[in-house]
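Text of the file model-v7.csv, holding CSV, N, CA and C atoms:
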chain,number,residue,atom,x,y,z
D,1,MET,N,0.8,12.6,-7.8
D,1,MET,CA,0.2,12.0,-6.7
D,1,MET,C,0.4,10.5,-6.7
D,2,LYS,N,0.3,9.9,-7.9
D,2,LYS,CA,0.5,8.5,-8.0
D,2,LYS,C,2.0,8.1,-7.6
D,3,LEU,N,2.9,8.9,-8.1
D,3,LEU,CA,4.3,8.6,-7.8
D,3,LEU,C,4.6,8.7,-6.3
D,4,LEU,N,3.9,9.7,-5.6
D,4,LEU,CA,4.1,9.8,-4.2
D,4,LEU,C,3.5,8.6,-3.4
D,5,GLN,N,2.4,8.1,-3.9
D,5,GLN,CA,1.8,6.9,-3.3
D,5,GLN,C,2.7,5.7,-3.4
D,6,ILE,N,3.3,5.6,-4.6
D,6,ILE,CA,4.2,4.4,-4.8
D,6,ILE,C,5.5,4.5,-4.0
D,7,ILE,N,6.0,5.7,-3.8
D,7,ILE,CA,7.2,5.9,-2.9
D,7,ILE,C,6.8,5.6,-1.5
D,8,ILE,N,5.7,6.1,-1.0
D,8,ILE,CA,5.3,5.8,0.3
D,8,ILE,C,5.1,4.3,0.6
D,9,SER,N,4.5,3.6,-0.4
D,9,SER,CA,4.3,2.2,-0.3
D,9,SER,C,5.6,1.4,-0.2
D,10,TYR,N,6.6,1.8,-1.0
D,10,TYR,CA,7.9,1.2,-0.9
D,10,TYR,C,8.5,1.4,0.4
D,11,ILE,N,8.4,2.6,0.9
D,11,ILE,CA,9.0,3.0,2.2
D,11,ILE,C,8.4,2.1,3.3
D,12,LEU,N,7.0,2.0,3.3
D,12,LEU,CA,6.3,1.1,4.3
D,12,LEU,C,6.8,-0.3,4.2
D,13,ILE,N,6.9,-0.8,3.0
D,13,ILE,CA,7.3,-2.2,2.8
D,13,ILE,C,8.8,-2.4,3.4
D,14,ILE,N,9.7,-1.5,3.1
D,14,ILE,CA,11.0,-1.6,3.6
D,14,ILE,C,11.1,-1.5,5.1
D,15,VAL,N,10.4,-0.5,5.7
D,15,VAL,CA,10.4,-0.4,7.1
D,15,VAL,C,9.8,-1.7,7.8
D,16,GLY,N,8.7,-2.2,7.1
D,16,GLY,CA,8.1,-3.5,7.6
D,16,GLY,C,9.1,-4.6,7.6
D,17,ALA,N,9.8,-4.7,6.5
D,17,ALA,CA,10.8,-5.8,6.4
D,17,ALA,C,11.9,-5.7,7.4
D,18,ILE,N,12.3,-4.4,7.7
D,18,ILE,CA,13.4,-4.2,8.7
D,18,ILE,C,12.8,-4.5,10.1
D,19,SER,N,11.5,-4.2,10.3
D,19,SER,CA,10.9,-4.5,11.6
D,19,SER,C,10.7,-6.0,11.8
D,20,LEU,N,10.7,-6.8,10.8
D,20,LEU,CA,10.6,-8.3,11.0
D,20,LEU,C,11.8,-8.8,11.8
D,21,ILE,N,13.0,-8.2,11.5
D,21,ILE,CA,14.1,-8.8,12.2
D,21,ILE,C,14.5,-8.0,13.5
D,22,SER,N,13.8,-6.9,13.7
D,22,SER,CA,14.1,-6.1,14.9
D,22,SER,C,13.0,-6.3,15.9
D,23,PRO,N,13.2,-5.8,17.2
D,23,PRO,CA,12.1,-6.0,18.2
D,23,PRO,C,11.0,-5.1,18.1
D,24,ILE,N,10.9,-4.2,17.0
D,24,ILE,CA,9.8,-3.3,16.9
D,24,ILE,C,8.6,-4.0,16.4
D,25,PRO,N,7.5,-3.9,17.2
D,25,PRO,CA,6.2,-4.6,16.8
D,25,PRO,C,5.6,-3.9,15.6
D,26,GLY,N,4.7,-4.6,14.9
D,26,GLY,CA,3.9,-4.0,13.9
D,26,GLY,C,4.4,-4.2,12.5
D,27,ALA,N,5.3,-5.1,12.3
D,27,ALA,CA,5.9,-5.4,11.0
D,27,ALA,C,4.9,-5.8,10.0
D,28,ALA,N,4.1,-6.8,10.4
D,28,ALA,CA,3.0,-7.3,9.5
D,28,ALA,C,2.1,-6.2,9.0
D,29,LEU,N,1.7,-5.3,9.9
D,29,LEU,CA,0.8,-4.2,9.6
D,29,LEU,C,1.4,-3.3,8.6
D,30,LEU,N,2.7,-2.9,8.8
D,30,LEU,CA,3.4,-2.0,7.9
D,30,LEU,C,3.5,-2.6,6.5
D,31,MET,N,3.9,-3.9,6.5
D,31,MET,CA,4.0,-4.5,5.2
D,31,MET,C,2.6,-4.6,4.5
D,32,ALA,N,1.6,-5.0,5.2
D,32,ALA,CA,0.3,-5.1,4.6
D,32,ALA,C,-0.2,-3.8,4.1
D,33,VAL,N,0.0,-2.7,4.8
D,33,VAL,CA,-0.4,-1.4,4.4
D,33,VAL,C,0.4,-1.0,3.1
D,34,GLY,N,1.7,-1.2,3.2
D,34,GLY,CA,2.5,-0.9,2.0
D,34,GLY,C,2.1,-1.7,0.8
D,35,LEU,N,1.9,-2.9,0.9
D,35,LEU,CA,1.5,-3.8,-0.2
D,35,LEU,C,0.1,-3.4,-0.7
D,36,SER,N,-0.8,-3.1,0.2
D,36,SER,CA,-2.1,-2.8,-0.3
D,36,SER,C,-2.1,-1.5,-1.1
D,37,LEU,N,-1.4,-0.5,-0.6
D,37,LEU,CA,-1.2,0.8,-1.3
D,37,LEU,C,-0.6,0.6,-2.7
D,38,LEU,N,0.4,-0.2,-2.7
D,38,LEU,CA,1.1,-0.5,-4.0
D,38,LEU,C,0.2,-1.2,-5.0
D,39,ILE,N,-0.6,-2.2,-4.5
D,39,ILE,CA,-1.5,-3.0,-5.3
D,39,ILE,C,-2.6,-2.1,-5.9
D,40,CYS,N,-3.1,-1.2,-5.1
D,40,CYS,CA,-4.1,-0.3,-5.5
D,40,CYS,C,-3.6,0.8,-6.5
D,41,THR,N,-2.4,1.2,-6.3
D,41,THR,CA,-1.8,2.2,-7.1
D,41,THR,C,-1.3,1.8,-8.5
D,42,SER,N,-0.7,0.6,-8.5
D,42,SER,CA,-0.1,0.1,-9.7
D,42,SER,C,-0.6,-1.3,-10.1
D,43,THR,N,-1.2,-1.4,-11.3
D,43,THR,CA,-1.6,-2.7,-11.8
D,43,THR,C,-0.4,-3.5,-12.2
D,44,VAL,N,0.7,-2.9,-12.6
D,44,VAL,CA,1.9,-3.6,-13.0
D,44,VAL,C,2.5,-4.2,-11.8
D,45,ALA,N,2.6,-3.5,-10.7
D,45,ALA,CA,3.1,-4.1,-9.4
D,45,ALA,C,2.2,-5.2,-8.9
D,46,ALA,N,0.9,-5.1,-9.1
D,46,ALA,CA,0.0,-6.2,-8.7
D,46,ALA,C,0.3,-7.4,-9.5
D,47,SER,N,0.5,-7.3,-10.8
D,47,SER,CA,0.7,-8.5,-11.6
D,47,SER,C,2.1,-9.1,-11.3
D,48,CYS,N,3.1,-8.2,-11.0
D,48,CYS,CA,4.4,-8.8,-10.6
D,48,CYS,C,4.3,-9.5,-9.3
D,49,ILE,N,3.6,-9.0,-8.4
D,49,ILE,CA,3.4,-9.7,-7.1
D,49,ILE,C,2.7,-11.0,-7.3
D,50,ARG,N,1.7,-11.1,-8.2
D,50,ARG,CA,1.0,-12.3,-8.5
D,50,ARG,C,1.9,-13.3,-9.1
D,51,LEU,N,2.7,-12.9,-10.0
D,51,LEU,CA,3.7,-13.9,-10.7
D,51,LEU,C,4.7,-14.4,-9.7
D,52,THR,N,5.2,-13.5,-8.8
D,52,THR,CA,6.2,-13.9,-7.9
D,52,THR,C,5.6,-14.8,-6.8
D,53,ARG,N,4.4,-14.6,-6.4
D,53,ARG,CA,3.7,-15.5,-5.5
D,53,ARG,C,3.5,-16.9,-6.1
D,54,GLY,N,3.3,-16.9,-7.4
D,54,GLY,CA,3.2,-18.2,-8.1
D,54,GLY,C,4.5,-19.0,-8.1
D,55,LYS,N,5.6,-18.3,-8.2
D,55,LYS,CA,6.9,-18.9,-8.3
D,55,LYS,C,7.4,-19.4,-7.0
D,56,TYR,N,7.2,-18.7,-5.9
D,56,TYR,CA,7.8,-19.0,-4.6
D,56,TYR,C,6.7,-19.3,-3.6
D,57,VAL,N,6.7,-20.6,-3.2
D,57,VAL,CA,5.7,-21.1,-2.3
D,57,VAL,C,5.8,-20.4,-0.9
D,58,ARG,N,7.0,-20.2,-0.4
D,58,ARG,CA,7.2,-19.6,0.9
D,58,ARG,C,6.6,-18.2,0.9
D,59,LEU,N,6.9,-17.4,-0.2
D,59,LEU,CA,6.3,-16.1,-0.3
D,59,LEU,C,4.8,-16.1,-0.3
D,60,ASN,N,4.3,-17.0,-1.0
D,60,ASN,CA,2.8,-17.2,-1.1
D,60,ASN,C,2.2,-17.5,0.3
D,61,GLN,N,2.9,-18.3,1.0
D,61,GLN,CA,2.4,-18.6,2.4
D,61,GLN,C,2.5,-17.4,3.3
D,62,THR,N,3.6,-16.6,3.2
D,62,THR,CA,3.7,-15.4,4.0
D,62,THR,C,2.6,-14.4,3.6
D,63,MET,N,2.4,-14.3,2.3
D,63,MET,CA,1.3,-13.3,1.9
D,63,MET,C,0.0,-13.8,2.3
D,64,ALA,N,-0.3,-15.1,2.3
D,64,ALA,CA,-1.6,-15.6,2.8
D,64,ALA,C,-1.7,-15.3,4.3
D,65,TRP,N,-0.6,-15.4,5.1
D,65,TRP,CA,-0.6,-15.0,6.5
D,65,TRP,C,-0.9,-13.6,6.7
D,66,LEU,N,-0.3,-12.7,5.8
D,66,LEU,CA,-0.6,-11.3,5.9
D,66,LEU,C,-2.1,-11.0,5.6
D,67,GLU,N,-2.6,-11.7,4.6
D,67,GLU,CA,-4.0,-11.5,4.2
D,67,GLU,C,-4.9,-11.8,5.4
D,68,ASN,N,-4.7,-12.8,6.1
D,68,ASN,CA,-5.5,-13.1,7.3
D,68,ASN,C,-5.4,-12.1,8.4
D,69,ARG,N,-4.2,-11.5,8.6
D,69,ARG,CA,-4.0,-10.6,9.6
D,69,ARG,C,-4.2,-9.1,9.3
D,70,ALA,N,-4.5,-8.8,8.0
D,70,ALA,CA,-4.6,-7.5,7.5
D,70,ALA,C,-5.9,-6.8,7.8
D,71,GLY,N,-6.9,-7.6,8.1
D,71,GLY,CA,-8.2,-7.0,8.4
D,71,GLY,C,-9.1,-7.0,7.2
D,72,GLU,N,-10.3,-6.5,7.4
D,72,GLU,CA,-11.3,-6.6,6.4
D,72,GLU,C,-11.2,-5.6,5.3
D,73,ARG,N,-10.4,-4.5,5.5
D,73,ARG,CA,-10.2,-3.5,4.5
D,73,ARG,C,-9.0,-3.9,3.6
D,74,MET,N,-7.9,-4.3,4.2
D,74,MET,CA,-6.7,-4.6,3.4
D,74,MET,C,-6.6,-6.0,2.9
D,75,GLY,N,-7.2,-6.9,3.6
D,75,GLY,CA,-7.2,-8.3,3.3
D,75,GLY,C,-7.6,-8.6,1.9
D,76,PRO,N,-8.8,-8.1,1.5
D,76,PRO,CA,-9.3,-8.3,0.1
D,76,PRO,C,-8.4,-7.8,-1.0
D,77,ILE,N,-7.7,-6.7,-0.7
D,77,ILE,CA,-6.8,-6.1,-1.6
D,77,ILE,C,-5.6,-7.0,-1.8
D,78,LEU,N,-5.1,-7.5,-0.7
D,78,LEU,CA,-4.0,-8.5,-0.8
D,78,LEU,C,-4.4,-9.8,-1.5
D,79,ARG,N,-5.6,-10.2,-1.3
D,79,ARG,CA,-6.1,-11.4,-2.0
D,79,ARG,C,-6.2,-11.3,-3.5
D,80,ARG,N,-6.2,-10.1,-4.0
D,80,ARG,CA,-6.2,-9.9,-5.5
D,80,ARG,C,-5.0,-10.4,-6.1
D,81,THR,N,-3.9,-10.6,-5.4
D,81,THR,CA,-2.6,-11.0,-6.0
D,81,THR,C,-2.4,-12.5,-5.8
D,82,ARG,N,-3.4,-13.2,-5.4
D,82,ARG,CA,-3.3,-14.7,-5.2
D,82,ARG,C,-3.0,-15.3,-6.6
D,83,PRO,N,-2.1,-16.2,-6.7
D,83,PRO,CA,-1.8,-16.8,-8.1
D,83,PRO,C,-3.0,-17.7,-8.5
D,84,SER,N,-3.2,-17.8,-9.8
D,84,SER,CA,-4.2,-18.7,-10.3
D,84,SER,C,-3.8,-20.1,-10.2
D,85,GLU,N,-4.7,-20.9,-9.8
D,85,GLU,CA,-4.3,-22.3,-9.6
D,85,GLU,C,-4.6,-23.1,-10.9
Same coordinates, now as C-alpha cells:
Amino acid sequence: MKLLQIIISYILIIVGAISLISPIPGAALLMAVGLSLLICTSTVAASCIRLTRGKYVRLNQTMAWLENRAGERMGPILRRTRPSE
C-alpha cells in the first residue's frame, strides 16, 4: 500500500510539473497533493525535500508559494519541510 502511495505521489508531481508549462490549469494543486502525499508516506522523502529546500532559494520560494495556496489541509503538511534557519 505504501509503495502504491509513493508511485501515485510521483505521478501527481510529474503531471503537475508538466502542467506548469502547458495551458492546463491546476498545476499547483496537483503538485501540492503529490508532495503532501509523498511527505506523509515517506520520512526519507520529507528530509530530502527539507535539505533541497535549504540549498536552493528559488525552490524554497516556490514551495512557500505552494504552502500558501494548498489550503488548510495540505499547507501544514508542506510546511513540515521548511528548512531550519
Exercise for the section: Do a neighbour search on Met74 in chain D at 12 Å with only C-alpha atoms, toss out local chain neighbours closer than 4 positions, and write the hits as number ranges by chain. Expected result: D: 28-40, 63, 66-70, 78-80
Restricting it to N, CA and C atoms, dump the selection as a compact mmCIF listing (two decimals), in the frame of the given file.
# COMPACT_ATOMS: atom_id res chain seq x y z
N ALA D 28 4.10 -6.80 10.40
CA ALA D 28 3.00 -7.30 9.50
C ALA D 28 2.10 -6.20 9.00
N LEU D 29 1.70 -5.30 9.90
CA LEU D 29 0.80 -4.20 9.60
C LEU D 29 1.40 -3.30 8.60
N LEU D 30 2.70 -2.90 8.80
CA LEU D 30 3.40 -2.00 7.90
C LEU D 30 3.50 -2.60 6.50
N MET D 31 3.90 -3.90 6.50
CA MET D 31 4.00 -4.50 5.20
C MET D 31 2.60 -4.60 4.50
N ALA D 32 1.60 -5.00 5.20
CA ALA D 32 0.30 -5.10 4.60
C ALA D 32 -0.20 -3.80 4.10
N VAL D 33 0.00 -2.70 4.80
CA VAL D 33 -0.40 -1.40 4.40
C VAL D 33 0.40 -1.00 3.10
N GLY D 34 1.70 -1.20 3.20
CA GLY D 34 2.50 -0.90 2.00
C GLY D 34 2.10 -1.70 0.80
N LEU D 35 1.90 -2.90 0.90
CA LEU D 35 1.50 -3.80 -0.20
C LEU D 35 0.10 -3.40 -0.70
N SER D 36 -0.80 -3.10 0.20
CA SER D 36 -2.10 -2.80 -0.30
C SER D 36 -2.10 -1.50 -1.10
N LEU D 37 -1.40 -0.50 -0.60
CA LEU D 37 -1.20 0.80 -1.30
C LEU D 37 -0.60 0.60 -2.70
N LEU D 38 0.40 -0.20 -2.70
CA LEU D 38 1.10 -0.50 -4.00
C LEU D 38 0.20 -1.20 -5.00
N ILE D 39 -0.60 -2.20 -4.50
CA ILE D 39 -1.50 -3.00 -5.30
C ILE D 39 -2.60 -2.10 -5.90
N CYS D 40 -3.10 -1.20 -5.10
CA CYS D 40 -4.10 -0.30 -5.50
C CYS D 40 -3.60 0.80 -6.50
N MET D 63 2.40 -14.30 2.30
CA MET D 63 1.30 -13.30 1.90
C MET D 63 0.00 -13.80 2.30
N LEU D 66 -0.30 -12.70 5.80
CA LEU D 66 -0.60 -11.30 5.90
C LEU D 66 -2.10 -11.00 5.60
N GLU D 67 -2.60 -11.70 4.60
CA GLU D 67 -4.00 -11.50 4.20
C GLU D 67 -4.90 -11.80 5.40
N ASN D 68 -4.70 -12.80 6.10
CA ASN D 68 -5.50 -13.10 7.30
C ASN D 68 -5.40 -12.10 8.40
N ARG D 69 -4.20 -11.50 8.60
CA ARG D 69 -4.00 -10.60 9.60
C ARG D 69 -4.20 -9.10 9.30
N ALA D 70 -4.50 -8.80 8.00
CA ALA D 70 -4.60 -7.50 7.50
C ALA D 70 -5.90 -6.80 7.80
N LEU D 78 -5.10 -7.50 -0.70
CA LEU D 78 -4.00 -8.50 -0.80
C LEU D 78 -4.40 -9.80 -1.50
N ARG D 79 -5.60 -10.20 -1.30
CA ARG D 79 -6.10 -11.40 -2.00
C ARG D 79 -6.20 -11.30 -3.50
N ARG D 80 -6.20 -10.10 -4.00
CA ARG D 80 -6.20 -9.90 -5.50
C ARG D 80 -5.00 -10.40 -6.10
Practice task
Would you please extract all helix (DSSP H, G or I) residues from chain D, as assigned by DSSP on the backbone, and give them as a PyMOL selection string?
Solution key: chain D and resi 2-21+27-41+43-55+57-69+71-79
Exercise for the section: Can you work out the spacing between CA of Ala45 in chain D and atom C of Gly71 in chain D in Å, to one decimal? Expected result: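 The value is 20.8 Å.
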If I wrap all listed atoms of range 9-16 of chain D in a box with edges along x, y and z and add 8 Å on each side, what are its centre and edge lengths in Å to one decimal, as JSON?
{"center_x": 7.7, "center_y": -0.5, "center_z": 3.4, "size_x": 22.8, "size_y": 24.2, "size_z": 24.8}
Problem - Counting only C-alpha atoms, the option among D:Gly54, D:Ile21, D:Thr41, D:Glu72 closest to Leu3 in chain D - result: D:Thr41
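Between atom C of Val44 in chain D and CA of Thr81 in chain D the separation is 10.3 Å.
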Practice task
Measure the distance from atom N of Ala46 in chain D to CA of Ser9 in chain D in Å and round it to one decimal.
Solution key: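 Those two atoms sit 11.9 Å apart.
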